[in-house]
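Asker: Mind having a look at this structure? Questions to follow.
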Amino acid sequence: MKTKQMRSINTLLFASIILWSCTTEAPKTDFRFAGEIGKAETAAIARFQKAPLDSLAWLRADLTFEIERSFANYSGDISGRFIELMGSRCTETGVSPTDVHPLYLQLLKDIPNLQCADGHFGASDIDWDIPIDIEATAAVTYYLPALWGNSRLLCGLVESYKATGDKTILESARRLGDFYINIASKRLAVISKLAEFTGIGADELTESMNNPDKRGAAGAKLDTYASGYSTCYFPAIESLVKLYRITKEKKYLETATRMAQVFAAFDVATPAHTHGMLCTYYGMLLLGEETGDGSFLLQAEKRWEFLTENGFIDPLGGISEGILNGISPRDEGCSEMDWLRVNLKLYELTGKARYLDMVDRLMHNHYLANQWSTGGFGHRMIVSDSLGVYALGKGAQEATWCCVFHGTLGFLYYRQAVVVKADKNLQINFAENFSTEQVVSEITYSGNEVSQKLTFPAGFDGVLSIRIPEWAENMSFKDATAADGYLKTQTVIGKNATLTVIYSGINYTEDRLLRKSAPGASQQIVFRRGQYVLAKHGEITIQPVPASLNGLSPIGSGTETQTAVFVFKE
């Protein structure tokens with residue numbers, strides 16, 4: 001994971017922000033997951049060899065409308081997600097563009113020829129000056145869904161240019177970026193014009209945008225869900241920043257900044273569509289990283305705290321599809337992935353352990369629970385009360401139009417953070433099963449301990465740092481000292497020698513807000529065993545604390561036909 005210090009983060013005002021400013025590079029092509037995460041990633045990748053993901057016509061229907069399929073009006077959404085995933089796999093794992101998927105290069109060849117004259121993709125007859133029906137359903141409206149899809153397609157074009165070096169793809173990305181500058185943002189990022197279609201006065205929008213105490217007040221009046229203005233327009237912040245990174249053309253960064261400023265008027269604490277909200281937050285973190293504006297980081301940290309302190313993040317580490325009128329009755333794989341990458345980016349920019357602890361919790365619990373036995377991701381029913389989610393229902397649907405792409409992409413984000421190397425030094429952030437040319441990690445659970453066996457195929461002579469996770473009461477390995485949330489040692493070991501890390505005190509209880517609970521307290525509790533939340537399968541209501549924990553187990557992948565409760569009464 002490349003990390004770098006944000007430039008000039010309003011130094012006097014935000015001096016308390018601690019930045020993780022190591023310059024490090026994660027292993028890429030030599031990294032491999034093993035264990036349950038390895039199996040989950042392998043299954044996710046294999047899903048793309050099966051219907052409907054093996055059909056070129058199906059993948060590009062949101063650009064050509066050549067066949068009838070759901071969400072074709074989200075212009076560039078599926079096609080963009082597909083080329084983003086495949087381009088990212090090429091860059092991150094070293095697989096060749098010719099080998100990553102049989103349809104990848106063919107779709108890349110087609111895309112520039114399908115671009116509309118104004119630079120956008122999809123329906124060519126959209127009048128960008130017409131009144132916008134913000135209450136139209138996702139199935140019938142084109143205007144705003146087209147913006148959503150184009151934002152994902154722009155991400156895909158950027159990643160595919162990085163993977164292939166194809167200048168035609170770069171030029172197509174530029175034209176799409178220019179569409180956001182010359183057409184979309186001239187209406188959708190101008191307060192006076194926003195008032196025309198939101199029904200909210202320009203003065204109120206300005207107050208909501210510029211006054212921290214009023215932030216999001218105007219947006220709270222709009223239920224945007226998956227086809228609304230807040231959800232569909234602002235995620236392009238991410239793609240414009242990524243386009244700036246490969247072109248260094250400031251116009252893209254300037255437009256992204258203007259969009260982020262306007263988003264303040266619509267940044268509601270409980271959005272109708274968490275996927276859209278978290279995509280926007282990830283984009284704003286990238287924007288702050290490039291511009292040095294620390295307000296975006298503070299905004300994201302404040303939202304993180306609100307979500308976790310008010311029960312909107314469940315004990316499994318996940319988030320529901322929407323939280324506008326209370327927690328929605330199902331999750332969404334896309335939102336889980338966005339929550340993953342927001343936490344990883346927050347750690348990269350702050351160095352705060354709580355963000356990696358959240359990733360650890362999410363990946364081994366809710367992320368796996370969202371994966372279907374097919375290998376794809378989608379929606380699973382969730383059960384909640386006024387305190388938050390307490391059980392998982394059965395799978396609702398595998399979402400081949402979004403979650404199978406985003407969920408698989410998440411493994412690429414996670415792998416960048418598992419082990420980080422700088423020169424000959426290593427930093428291991430998770431007790432995970434993995435292998436690289438430099439180190440192999442094997443995890444074993446036994447009683448109240450986790451053992452992490454590290455093998456060094458070529459030997460090792462450098463500083464080894466192992467993160468101290470929140471789920472271990474104690475942690476030790478040879479000659480190590482604790483510093484900055486890590487156990488560190490200057491280690492010299494020979495070829496194929498091993499070193500064992502012991503995590504002890506891994507069995508404990510939590511309350512429903514992810515905090516370790518006091519023994520014997522009268523409350524509802526969650527059982528933890530290391531990275532895992534333990535659940536009683538086949539149940540859907542809060543149960544009394546079982547006499548024995550032998551009947552509890554982690555949830556895991558491919559469990560969409562089972563129900564599971566993970567909150568118990570003492």
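The way I read the labels, and the way they are meant: chains A, B, ... in the order of the structure tokens, residue 1 as the first residue of every chain, and ligand 1 as the first ligand shown, with later ones counted on from there.
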Against range 146-161 of chain A, which residues of range 404-486 of chain A fall within 12 Å? For each one I want the closest pair of atoms and the distance in Å (one decimal), counting only C-alpha atoms, rows by chain and increasing residue number, as CSV.
Answerer:
residue,atom,partner,partner_atom,distance
A:Phe405,CA,A:Arg152,CA,11.1
A:His406,CA,A:Arg152,CA,10.5
A:Leu409,CA,A:Gly156,CA,11.7
Asker: DSSP on the backbone, then: every residue of range 412-452 of chain A marked strand (DSSP E), written as a PyMOL selection string.
Answerer: chain A and resi 419-422+425-428+434-435+440-446+449-452
Asker: Those selected residues, please, written with N, CA, C and O atoms and delivered as an mmCIF file, in the first residue's frame.
Answerer:
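What landed in again-v1.cif:
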data_model
loop_
_atom_site.group_PDB
_atom_site.id
_atom_site.type_symbol
_atom_site.label_atom_id
_atom_site.label_comp_id
_atom_site.auth_asym_id
_atom_site.auth_seq_id
_atom_site.Cartn_x
_atom_site.Cartn_y
_atom_site.Cartn_z
ATOM 1 N N VAL A 419 0.403 -6.983 4.307
ATOM 2 C CA VAL A 419 1.832 -6.916 4.621
ATOM 3 C C VAL A 419 2.445 -5.805 3.778
ATOM 4 O O VAL A 419 2.175 -5.689 2.584
ATOM 5 N N VAL A 420 3.231 -4.967 4.426
ATOM 6 C CA VAL A 420 3.835 -3.814 3.777
ATOM 7 C C VAL A 420 5.343 -3.901 3.952
ATOM 8 O O VAL A 420 5.840 -4.211 5.031
ATOM 9 N N LYS A 421 6.071 -3.648 2.881
ATOM 10 C CA LYS A 421 7.520 -3.702 2.979
ATOM 11 C C LYS A 421 8.130 -2.365 2.586
ATOM 12 O O LYS A 421 7.632 -1.657 1.728
ATOM 13 N N ALA A 422 9.199 -2.000 3.264
ATOM 14 C CA ALA A 422 9.969 -0.797 2.953
ATOM 15 C C ALA A 422 11.433 -1.180 3.069
ATOM 16 O O ALA A 422 11.898 -1.537 4.150
ATOM 17 N N ASN A 425 12.666 -3.997 5.489
ATOM 18 C CA ASN A 425 11.798 -4.098 6.658
ATOM 19 C C ASN A 425 10.398 -4.547 6.263
ATOM 20 O O ASN A 425 9.935 -4.274 5.161
ATOM 21 N N LEU A 426 9.723 -5.221 7.201
ATOM 22 C CA LEU A 426 8.377 -5.733 6.951
ATOM 23 C C LEU A 426 7.425 -5.274 8.045
ATOM 24 O O LEU A 426 7.777 -5.278 9.232
ATOM 25 N N GLN A 427 6.217 -4.908 7.637
ATOM 26 C CA GLN A 427 5.157 -4.576 8.573
ATOM 27 C C GLN A 427 3.962 -5.457 8.241
ATOM 28 O O GLN A 427 3.435 -5.402 7.127
ATOM 29 N N ILE A 428 3.548 -6.284 9.191
ATOM 30 C CA ILE A 428 2.420 -7.192 8.996
ATOM 31 C C ILE A 428 1.242 -6.658 9.807
ATOM 32 O O ILE A 428 1.330 -6.526 11.031
ATOM 33 N N PHE A 434 -1.241 -15.963 4.251
ATOM 34 C CA PHE A 434 -0.790 -15.408 2.977
ATOM 35 C C PHE A 434 0.624 -15.886 2.695
ATOM 36 O O PHE A 434 1.315 -16.445 3.569
ATOM 37 N N SER A 435 1.051 -15.644 1.462
ATOM 38 C CA SER A 435 2.436 -15.940 1.107
ATOM 39 C C SER A 435 2.954 -14.869 0.162
ATOM 40 O O SER A 435 2.223 -14.353 -0.681
ATOM 41 N N VAL A 440 5.955 -16.131 4.488
ATOM 42 C CA VAL A 440 4.735 -16.949 4.428
ATOM 43 C C VAL A 440 4.123 -16.958 5.822
ATOM 44 O O VAL A 440 4.823 -17.154 6.820
ATOM 45 N N SER A 441 2.802 -16.715 5.903
ATOM 46 C CA SER A 441 2.112 -16.664 7.191
ATOM 47 C C SER A 441 1.047 -17.745 7.245
ATOM 48 O O SER A 441 0.222 -17.865 6.342
ATOM 49 N N GLU A 442 1.055 -18.519 8.338
ATOM 50 C CA GLU A 442 0.059 -19.566 8.555
ATOM 51 C C GLU A 442 -0.575 -19.364 9.927
ATOM 52 O O GLU A 442 0.138 -19.224 10.924
ATOM 53 N N ILE A 443 -1.908 -19.366 9.979
ATOM 54 C CA ILE A 443 -2.650 -19.093 11.206
ATOM 55 C C ILE A 443 -3.284 -20.366 11.748
ATOM 56 O O ILE A 443 -3.901 -21.135 11.008
ATOM 57 N N THR A 444 -3.156 -20.573 13.068
ATOM 58 C CA THR A 444 -3.761 -21.719 13.733
ATOM 59 C C THR A 444 -4.474 -21.243 14.993
ATOM 60 O O THR A 444 -3.894 -20.505 15.795
ATOM 61 N N TYR A 445 -5.746 -21.654 15.163
ATOM 62 C CA TYR A 445 -6.515 -21.358 16.367
ATOM 63 C C TYR A 445 -6.456 -22.562 17.300
ATOM 64 O O TYR A 445 -6.626 -23.705 16.864
ATOM 65 N N SER A 446 -6.268 -22.310 18.590
ATOM 66 C CA SER A 446 -6.264 -23.386 19.578
ATOM 67 C C SER A 446 -6.664 -22.806 20.931
ATOM 68 O O SER A 446 -5.931 -21.986 21.503
ATOM 69 N N GLU A 449 -5.916 -19.116 22.148
ATOM 70 C CA GLU A 449 -4.733 -18.562 21.494
ATOM 71 C C GLU A 449 -4.840 -18.653 19.976
ATOM 72 O O GLU A 449 -5.514 -19.532 19.437
ATOM 73 N N VAL A 450 -4.161 -17.740 19.330
ATOM 74 C CA VAL A 450 -3.919 -17.812 17.895
ATOM 75 C C VAL A 450 -2.412 -17.852 17.698
ATOM 76 O O VAL A 450 -1.675 -17.062 18.298
ATOM 77 N N SER A 451 -1.977 -18.765 16.856
ATOM 78 C CA SER A 451 -0.556 -18.868 16.532
ATOM 79 C C SER A 451 -0.354 -18.466 15.077
ATOM 80 O O SER A 451 -1.056 -18.944 14.189
ATOM 81 N N GLN A 452 0.589 -17.554 14.852
ATOM 82 C CA GLN A 452 0.927 -17.124 13.491
ATOM 83 C C GLN A 452 2.373 -17.549 13.210
ATOM 84 O O GLN A 452 3.314 -16.985 13.742
#
Asker: Write out as a short mmCIF file (atom, residue, chain, number, x, y, z; two decimals) with C-alpha atoms, in the first residue's frame the residues lying within 9 Å of range 325-340 of chain A, counting only C-alpha atoms and excluding same-chain residues fewer than 6 positions away.
Answerer:
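Once everything was written out, this is part.cif:
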data_model
loop_
_atom_site.label_atom_id
_atom_site.label_comp_id
_atom_site.auth_asym_id
_atom_site.auth_seq_id
_atom_site.Cartn_x
_atom_site.Cartn_y
_atom_site.Cartn_z
CA THR A 270 -28.38 8.68 7.65
CA PRO A 271 -28.39 8.29 3.86
CA ALA A 272 -30.86 6.23 1.89
CA HIS A 273 -28.09 4.50 -0.03
CA THR A 274 -24.86 3.74 1.84
CA HIS A 275 -23.02 2.54 -1.30
CA GLY A 276 -23.38 5.99 -2.85
CA MET A 277 -22.48 7.77 0.38
CA LEU A 278 -19.35 5.69 1.02
CA CYS A 279 -18.19 6.00 -2.61
CA TYR A 282 -13.75 7.55 -0.45
CA PHE A 312 -25.24 1.60 12.22
CA GLY A 317 -18.28 -4.97 11.00
CA GLY A 318 -20.78 -4.37 8.21
CA ILE A 319 -23.34 -1.75 7.22
CA MET A 358 -12.60 -2.44 11.76
CA VAL A 359 -11.15 -3.95 8.58
CA LEU A 362 -15.33 -6.80 8.61
CA MET A 363 -13.25 -9.11 6.41
CA HIS A 366 -19.77 -9.57 7.37
CA TYR A 367 -17.68 -9.60 4.18
CA ASN A 370 -22.23 -11.55 2.13
CA GLN A 371 -20.50 -13.93 -0.31
CA PHE A 377 -21.73 -11.09 -3.72
CA GLY A 378 -25.11 -9.49 -3.31
CA HIS A 379 -27.79 -8.82 -0.72
CA ARG A 380 -28.51 -10.70 2.47
CA MET A 381 -31.46 -10.08 4.75
CA ILE A 382 -30.55 -8.59 8.12
CA VAL A 383 -32.58 -8.31 11.30
CA SER A 384 -32.37 -5.26 13.54
CA ASP A 385 -34.00 -3.40 16.40
CA SER A 386 -33.49 0.06 17.85
CA GLY A 388 -28.81 -2.13 15.52
CA VAL A 389 -28.39 -5.43 13.66
CA LEU A 392 -28.53 -12.37 9.56
CA GLY A 393 -31.37 -13.78 7.55
CA GLY A 395 -29.69 -14.39 1.09
CA ALA A 396 -32.01 -12.05 -0.82
CA ALA A 399 -26.33 -8.94 -7.43
CA CYS A 402 -22.94 -4.53 -9.02
CA CYS A 403 -21.88 -6.53 -5.95
CA VAL A 404 -20.12 -9.37 -7.76
CA PHE A 405 -17.74 -6.76 -9.19
CA HIS A 406 -17.30 -4.54 -6.15
CA GLY A 407 -17.07 -7.43 -3.70
CA THR A 408 -14.32 -9.09 -5.73
CA LEU A 409 -12.48 -5.79 -6.09
CA GLY A 410 -12.35 -5.54 -2.30
CA PHE A 411 -9.82 -8.36 -2.07
CA TYR A 413 -7.75 -3.35 -1.62
CA TYR A 414 -7.31 -5.67 1.35
#
Asker: As a PyMOL selection string, which residues of range 133-379 of chain A does DSSP assign to alpha helix (DSSP H)?
Answerer: chain A and resi 143-164+167-179+185-188+191-198+202-210+229-233+236-247+250-263+274-291+295-309+333-350+353-363+366-370
Asker: Show which residues sit within 10 Å of range 106-118 of chain A, as a CSV table (one decimal) with all heavy atoms, in the first residue's frame. Count only C-alpha atoms, and ignore same-chain residues fewer than 6 positions away.
Answerer:
chain,number,residue,atom,x,y,z
A,56,LEU,N,-20.5,-11.0,-23.6
A,56,LEU,CA,-20.1,-9.7,-24.0
A,56,LEU,C,-21.3,-8.8,-24.1
A,56,LEU,O,-21.2,-7.6,-23.7
A,56,LEU,CB,-19.2,-9.7,-25.2
A,56,LEU,CG,-18.7,-8.4,-25.8
A,56,LEU,CD1,-17.7,-7.8,-24.7
A,56,LEU,CD2,-17.9,-8.6,-27.1
A,57,ALA,N,-22.3,-9.3,-24.8
A,57,ALA,CA,-23.5,-8.5,-25.0
A,57,ALA,C,-24.1,-8.0,-23.6
A,57,ALA,O,-24.6,-6.9,-23.5
A,57,ALA,CB,-24.5,-9.2,-25.8
A,59,LEU,N,-22.5,-7.7,-20.8
A,59,LEU,CA,-21.6,-6.7,-20.1
A,59,LEU,C,-21.7,-5.3,-20.7
A,59,LEU,O,-21.6,-4.3,-19.9
A,59,LEU,CB,-20.2,-7.2,-20.2
A,59,LEU,CG,-19.8,-8.4,-19.3
A,59,LEU,CD1,-18.4,-8.9,-19.7
A,59,LEU,CD2,-19.8,-8.1,-17.8
A,60,ARG,N,-21.9,-5.2,-22.0
A,60,ARG,CA,-21.9,-3.9,-22.6
A,60,ARG,C,-23.3,-3.3,-22.9
A,60,ARG,O,-23.5,-2.3,-23.5
A,60,ARG,CB,-21.1,-3.9,-23.9
A,60,ARG,CG,-21.7,-4.7,-25.0
A,60,ARG,CD,-20.8,-4.8,-26.2
A,60,ARG,NE,-21.4,-5.6,-27.2
A,60,ARG,CZ,-20.8,-6.2,-28.2
A,60,ARG,NH1,-19.5,-6.0,-28.4
A,60,ARG,NH2,-21.4,-6.9,-29.1
A,63,LEU,N,-24.2,0.2,-22.5
A,63,LEU,CA,-23.6,1.1,-23.5
A,63,LEU,C,-24.3,1.0,-24.8
A,63,LEU,O,-24.4,2.0,-25.6
A,63,LEU,CB,-22.1,0.8,-23.7
A,63,LEU,CG,-21.2,0.8,-22.4
A,63,LEU,CD1,-19.8,0.4,-22.8
A,63,LEU,CD2,-21.3,2.2,-21.8
A,64,THR,N,-24.8,-0.2,-25.2
A,64,THR,CA,-25.4,-0.4,-26.5
A,64,THR,C,-26.9,-0.7,-26.5
A,64,THR,O,-27.5,-0.5,-27.5
A,64,THR,CB,-24.7,-1.6,-27.1
A,64,THR,OG1,-25.0,-2.8,-26.3
A,64,THR,CG2,-23.2,-1.5,-27.2
A,76,GLY,N,-23.0,2.5,-18.3
A,76,GLY,CA,-21.6,2.3,-18.0
A,76,GLY,C,-21.3,1.7,-16.6
A,76,GLY,O,-20.2,1.4,-16.3
A,79,SER,N,-20.5,-2.3,-17.3
A,79,SER,CA,-19.3,-2.4,-18.1
A,79,SER,C,-18.1,-1.7,-17.4
A,79,SER,O,-16.9,-2.1,-17.5
A,79,SER,CB,-19.6,-1.7,-19.4
A,79,SER,OG,-20.1,-0.4,-19.2
A,80,GLY,N,-18.4,-0.6,-16.7
A,80,GLY,CA,-17.3,0.1,-16.0
A,80,GLY,C,-16.7,-0.7,-14.8
A,80,GLY,O,-15.5,-0.7,-14.6
A,82,PHE,N,-16.7,-3.9,-14.6
A,82,PHE,CA,-16.0,-5.0,-15.1
A,82,PHE,C,-14.6,-4.6,-15.5
A,82,PHE,O,-13.6,-5.3,-15.1
A,82,PHE,CB,-16.7,-5.6,-16.3
A,82,PHE,CG,-16.0,-6.7,-17.0
A,82,PHE,CD1,-16.1,-8.0,-16.5
A,82,PHE,CD2,-15.3,-6.5,-18.2
A,82,PHE,CE1,-15.4,-9.1,-17.1
A,82,PHE,CE2,-14.7,-7.6,-18.8
A,82,PHE,CZ,-14.7,-8.9,-18.3
A,83,ILE,N,-14.4,-3.5,-16.3
A,83,ILE,CA,-13.1,-3.2,-16.7
A,83,ILE,C,-12.2,-2.6,-15.6
A,83,ILE,O,-11.0,-2.7,-15.6
A,83,ILE,CB,-13.1,-2.2,-17.9
A,83,ILE,CG1,-13.7,-0.9,-17.6
A,83,ILE,CG2,-13.8,-2.9,-19.1
A,83,ILE,CD1,-13.5,0.2,-18.7
A,98,THR,N,-4.3,-10.0,-21.5
A,98,THR,CA,-4.8,-11.0,-22.4
A,98,THR,C,-5.3,-12.2,-21.7
A,98,THR,O,-6.0,-13.0,-22.2
A,98,THR,CB,-3.7,-11.4,-23.4
A,98,THR,OG1,-2.6,-11.9,-22.6
A,98,THR,CG2,-3.2,-10.2,-24.2
A,124,SER,N,-27.9,8.4,-25.9
A,124,SER,CA,-27.4,9.6,-26.6
A,124,SER,C,-28.4,10.7,-26.7
A,124,SER,O,-28.0,11.8,-27.0
A,124,SER,CB,-27.0,9.2,-28.1
A,124,SER,OG,-28.1,8.7,-28.8
A,125,ASP,N,-29.6,10.5,-26.3
A,125,ASP,CA,-30.7,11.5,-26.4
A,125,ASP,C,-31.0,12.2,-25.1
A,125,ASP,O,-32.1,12.8,-25.0
A,125,ASP,CB,-31.9,10.9,-27.1
A,125,ASP,CG,-32.5,9.7,-26.2
A,125,ASP,OD1,-31.8,9.3,-25.3
A,125,ASP,OD2,-33.6,9.3,-26.6
A,153,LEU,N,-17.7,4.0,-14.8
A,153,LEU,CA,-17.0,3.7,-16.1
A,153,LEU,C,-15.7,4.5,-16.2
A,153,LEU,O,-14.7,4.0,-16.7
A,153,LEU,CB,-17.9,4.0,-17.3
A,153,LEU,CG,-17.3,3.7,-18.7
A,153,LEU,CD1,-16.8,2.3,-18.8
A,153,LEU,CD2,-18.3,4.0,-19.8
A,156,GLY,N,-13.2,2.7,-14.3
A,156,GLY,CA,-12.7,1.6,-15.1
A,156,GLY,C,-11.7,2.0,-16.2
A,156,GLY,O,-10.8,1.3,-16.5
A,157,LEU,N,-12.0,3.1,-16.9
A,157,LEU,CA,-11.1,3.6,-18.0
A,157,LEU,C,-9.7,3.9,-17.4
A,157,LEU,O,-8.7,3.6,-18.0
A,157,LEU,CB,-11.7,4.8,-18.7
A,157,LEU,CG,-13.0,4.5,-19.5
A,157,LEU,CD1,-13.6,5.8,-20.0
A,157,LEU,CD2,-12.6,3.7,-20.7
A,160,SER,N,-7.9,0.7,-16.5
A,160,SER,CA,-7.6,0.0,-17.7
A,160,SER,C,-6.4,0.6,-18.5
A,160,SER,O,-5.6,0.0,-19.1
A,160,SER,CB,-8.8,-0.2,-18.6
A,160,SER,OG,-9.7,-1.1,-18.0
A,161,TYR,N,-6.4,2.0,-18.4
A,161,TYR,CA,-5.2,2.6,-19.0
A,161,TYR,C,-3.9,2.3,-18.3
A,161,TYR,O,-2.9,2.0,-18.9
A,161,TYR,CB,-5.4,4.2,-19.0
A,161,TYR,CG,-4.2,4.9,-19.4
A,161,TYR,CD1,-3.7,4.8,-20.7
A,161,TYR,CD2,-3.4,5.6,-18.5
A,161,TYR,CE1,-2.5,5.4,-21.1
A,161,TYR,CE2,-2.3,6.2,-18.8
A,161,TYR,CZ,-1.8,6.2,-20.1
A,161,TYR,OH,-0.6,6.8,-20.5
A,164,THR,N,-3.0,-1.3,-19.4
A,164,THR,CA,-2.7,-1.6,-20.8
A,164,THR,C,-1.8,-0.5,-21.4
A,164,THR,O,-1.1,-0.8,-22.4
A,164,THR,CB,-3.9,-1.7,-21.6
A,164,THR,OG1,-4.6,-0.4,-21.7
A,164,THR,CG2,-4.9,-2.7,-21.0
A,166,ASP,N,-2.9,1.9,-23.1
A,166,ASP,CA,-3.6,2.2,-24.4
A,166,ASP,C,-4.0,3.6,-24.4
A,166,ASP,O,-4.9,4.1,-23.6
A,166,ASP,CB,-4.8,1.2,-24.5
A,166,ASP,CG,-5.5,1.4,-25.9
A,166,ASP,OD1,-5.3,2.4,-26.5
A,166,ASP,OD2,-6.2,0.4,-26.3
A,168,THR,N,-5.8,5.2,-26.5
A,168,THR,CA,-7.2,5.4,-26.9
A,168,THR,C,-8.1,5.4,-25.7
A,168,THR,O,-9.0,6.1,-25.6
A,168,THR,CB,-7.6,4.3,-27.9
A,168,THR,OG1,-6.7,4.3,-29.0
A,168,THR,CG2,-9.0,4.5,-28.4
A,169,ILE,N,-7.7,4.5,-24.7
A,169,ILE,CA,-8.5,4.4,-23.5
A,169,ILE,C,-8.3,5.7,-22.7
A,169,ILE,O,-9.2,6.3,-22.1
A,169,ILE,CB,-8.1,3.2,-22.7
A,169,ILE,CG1,-8.4,1.9,-23.4
A,169,ILE,CG2,-8.7,3.2,-21.3
A,169,ILE,CD1,-9.9,1.7,-23.7
A,170,LEU,N,-7.1,6.2,-22.7
A,170,LEU,CA,-6.8,7.5,-21.9
A,170,LEU,C,-7.6,8.6,-22.5
A,170,LEU,O,-8.2,9.4,-21.8
A,170,LEU,CB,-5.3,7.8,-22.0
A,170,LEU,CG,-4.9,9.1,-21.3
A,170,LEU,CD1,-5.3,9.1,-19.8
A,170,LEU,CD2,-3.4,9.3,-21.5
A,171,GLU,N,-7.6,8.7,-23.9
A,171,GLU,CA,-8.3,9.8,-24.5
A,171,GLU,C,-9.8,9.7,-24.2
A,171,GLU,O,-10.5,10.7,-24.0
A,171,GLU,CB,-8.1,9.7,-26.0
A,171,GLU,CG,-8.9,10.8,-26.8
A,171,GLU,CD,-8.6,12.2,-26.4
A,171,GLU,OE1,-7.4,12.5,-25.8
A,171,GLU,OE2,-9.4,13.1,-26.5
A,172,SER,N,-10.4,8.5,-24.2
A,172,SER,CA,-11.8,8.3,-23.9
A,172,SER,C,-12.1,8.7,-22.4
A,172,SER,O,-13.1,9.4,-22.2
A,172,SER,CB,-12.2,6.8,-24.0
A,172,SER,OG,-13.5,6.6,-23.8
A,173,ALA,N,-11.1,8.4,-21.5
A,173,ALA,CA,-11.3,8.9,-20.1
A,173,ALA,C,-11.3,10.4,-20.0
A,173,ALA,O,-12.1,11.0,-19.3
A,173,ALA,CB,-10.2,8.3,-19.3
A,175,ARG,N,-12.2,12.5,-22.3
A,175,ARG,CA,-13.4,13.0,-22.9
A,175,ARG,C,-14.6,12.9,-21.9
A,175,ARG,O,-15.4,13.8,-21.8
A,175,ARG,CB,-13.8,12.3,-24.2
A,175,ARG,CG,-12.9,12.6,-25.4
A,175,ARG,CD,-13.4,11.9,-26.6
A,175,ARG,NE,-14.7,12.3,-27.0
A,175,ARG,CZ,-15.6,11.6,-27.7
A,175,ARG,NH1,-15.2,10.4,-28.2
A,175,ARG,NH2,-16.8,12.1,-28.0
A,176,LEU,N,-14.6,11.8,-21.1
A,176,LEU,CA,-15.6,11.6,-20.1
A,176,LEU,C,-15.4,12.6,-19.0
A,176,LEU,O,-16.4,13.2,-18.4
A,176,LEU,CB,-15.6,10.2,-19.6
A,176,LEU,CG,-16.6,9.8,-18.6
A,176,LEU,CD1,-18.0,10.2,-19.0
A,176,LEU,CD2,-16.6,8.3,-18.3
A,178,ASP,N,-14.1,15.5,-19.2
A,178,ASP,CA,-14.5,16.8,-19.7
A,178,ASP,C,-16.0,17.0,-19.7
A,178,ASP,O,-16.5,18.1,-19.6
A,178,ASP,CB,-13.9,17.0,-21.1
A,178,ASP,CG,-12.4,17.2,-21.1
A,178,ASP,OD1,-11.8,17.4,-20.0
A,178,ASP,OD2,-11.7,17.0,-22.2
A,179,PHE,N,-16.7,15.9,-19.9
A,179,PHE,CA,-18.2,15.9,-19.9
A,179,PHE,C,-18.6,16.4,-18.5
A,179,PHE,O,-19.5,17.2,-18.3
A,179,PHE,CB,-18.8,14.5,-20.2
A,179,PHE,CG,-20.2,14.4,-19.7
A,179,PHE,CD1,-21.2,14.9,-20.4
A,179,PHE,CD2,-20.4,13.7,-18.5
A,179,PHE,CE1,-22.5,14.8,-19.9
A,179,PHE,CE2,-21.7,13.5,-18.0
A,179,PHE,CZ,-22.8,14.1,-18.7
A,180,TYR,N,-18.0,15.9,-17.4
A,180,TYR,CA,-18.3,16.3,-16.1
A,180,TYR,C,-18.0,17.8,-15.9
A,180,TYR,O,-18.7,18.5,-15.2
A,180,TYR,CB,-17.6,15.5,-15.0
A,180,TYR,CG,-18.3,14.2,-14.7
A,180,TYR,CD1,-18.0,13.0,-15.4
A,180,TYR,CD2,-19.3,14.2,-13.8
A,180,TYR,CE1,-18.7,11.8,-15.1
A,180,TYR,CE2,-20.0,13.0,-13.5
A,180,TYR,CZ,-19.7,11.8,-14.1
A,180,TYR,OH,-20.4,10.7,-13.8
A,182,ASN,N,-17.7,20.2,-18.4
A,182,ASN,CA,-18.4,21.1,-19.4
A,182,ASN,C,-19.9,21.1,-19.4
A,182,ASN,O,-20.5,22.0,-19.8
A,182,ASN,CB,-17.9,20.9,-20.8
A,182,ASN,CG,-16.4,21.1,-20.9
A,182,ASN,OD1,-15.8,22.0,-20.3
A,182,ASN,ND2,-15.7,20.3,-21.7
A,183,ILE,N,-20.4,19.9,-18.9
A,183,ILE,CA,-21.9,19.7,-19.0
A,183,ILE,C,-22.5,19.4,-17.6
A,183,ILE,O,-23.2,20.2,-17.0
A,183,ILE,CB,-22.2,18.6,-20.0
A,183,ILE,CG1,-21.8,19.1,-21.4
A,183,ILE,CG2,-23.7,18.4,-20.0
A,183,ILE,CD1,-22.0,18.1,-22.5
Asker: Near Glu301 in chain A, within 12 Å and counting only C-alpha atoms, which residues show up once chain neighbours fewer than 2 positions away are dropped, as a VMD selection string?
Answerer: chain A and resid 17 281 to 282 284 to 285 294 to 299 303 to 308 342 to 343 345 to 347 349 to 350 352 354 to 355
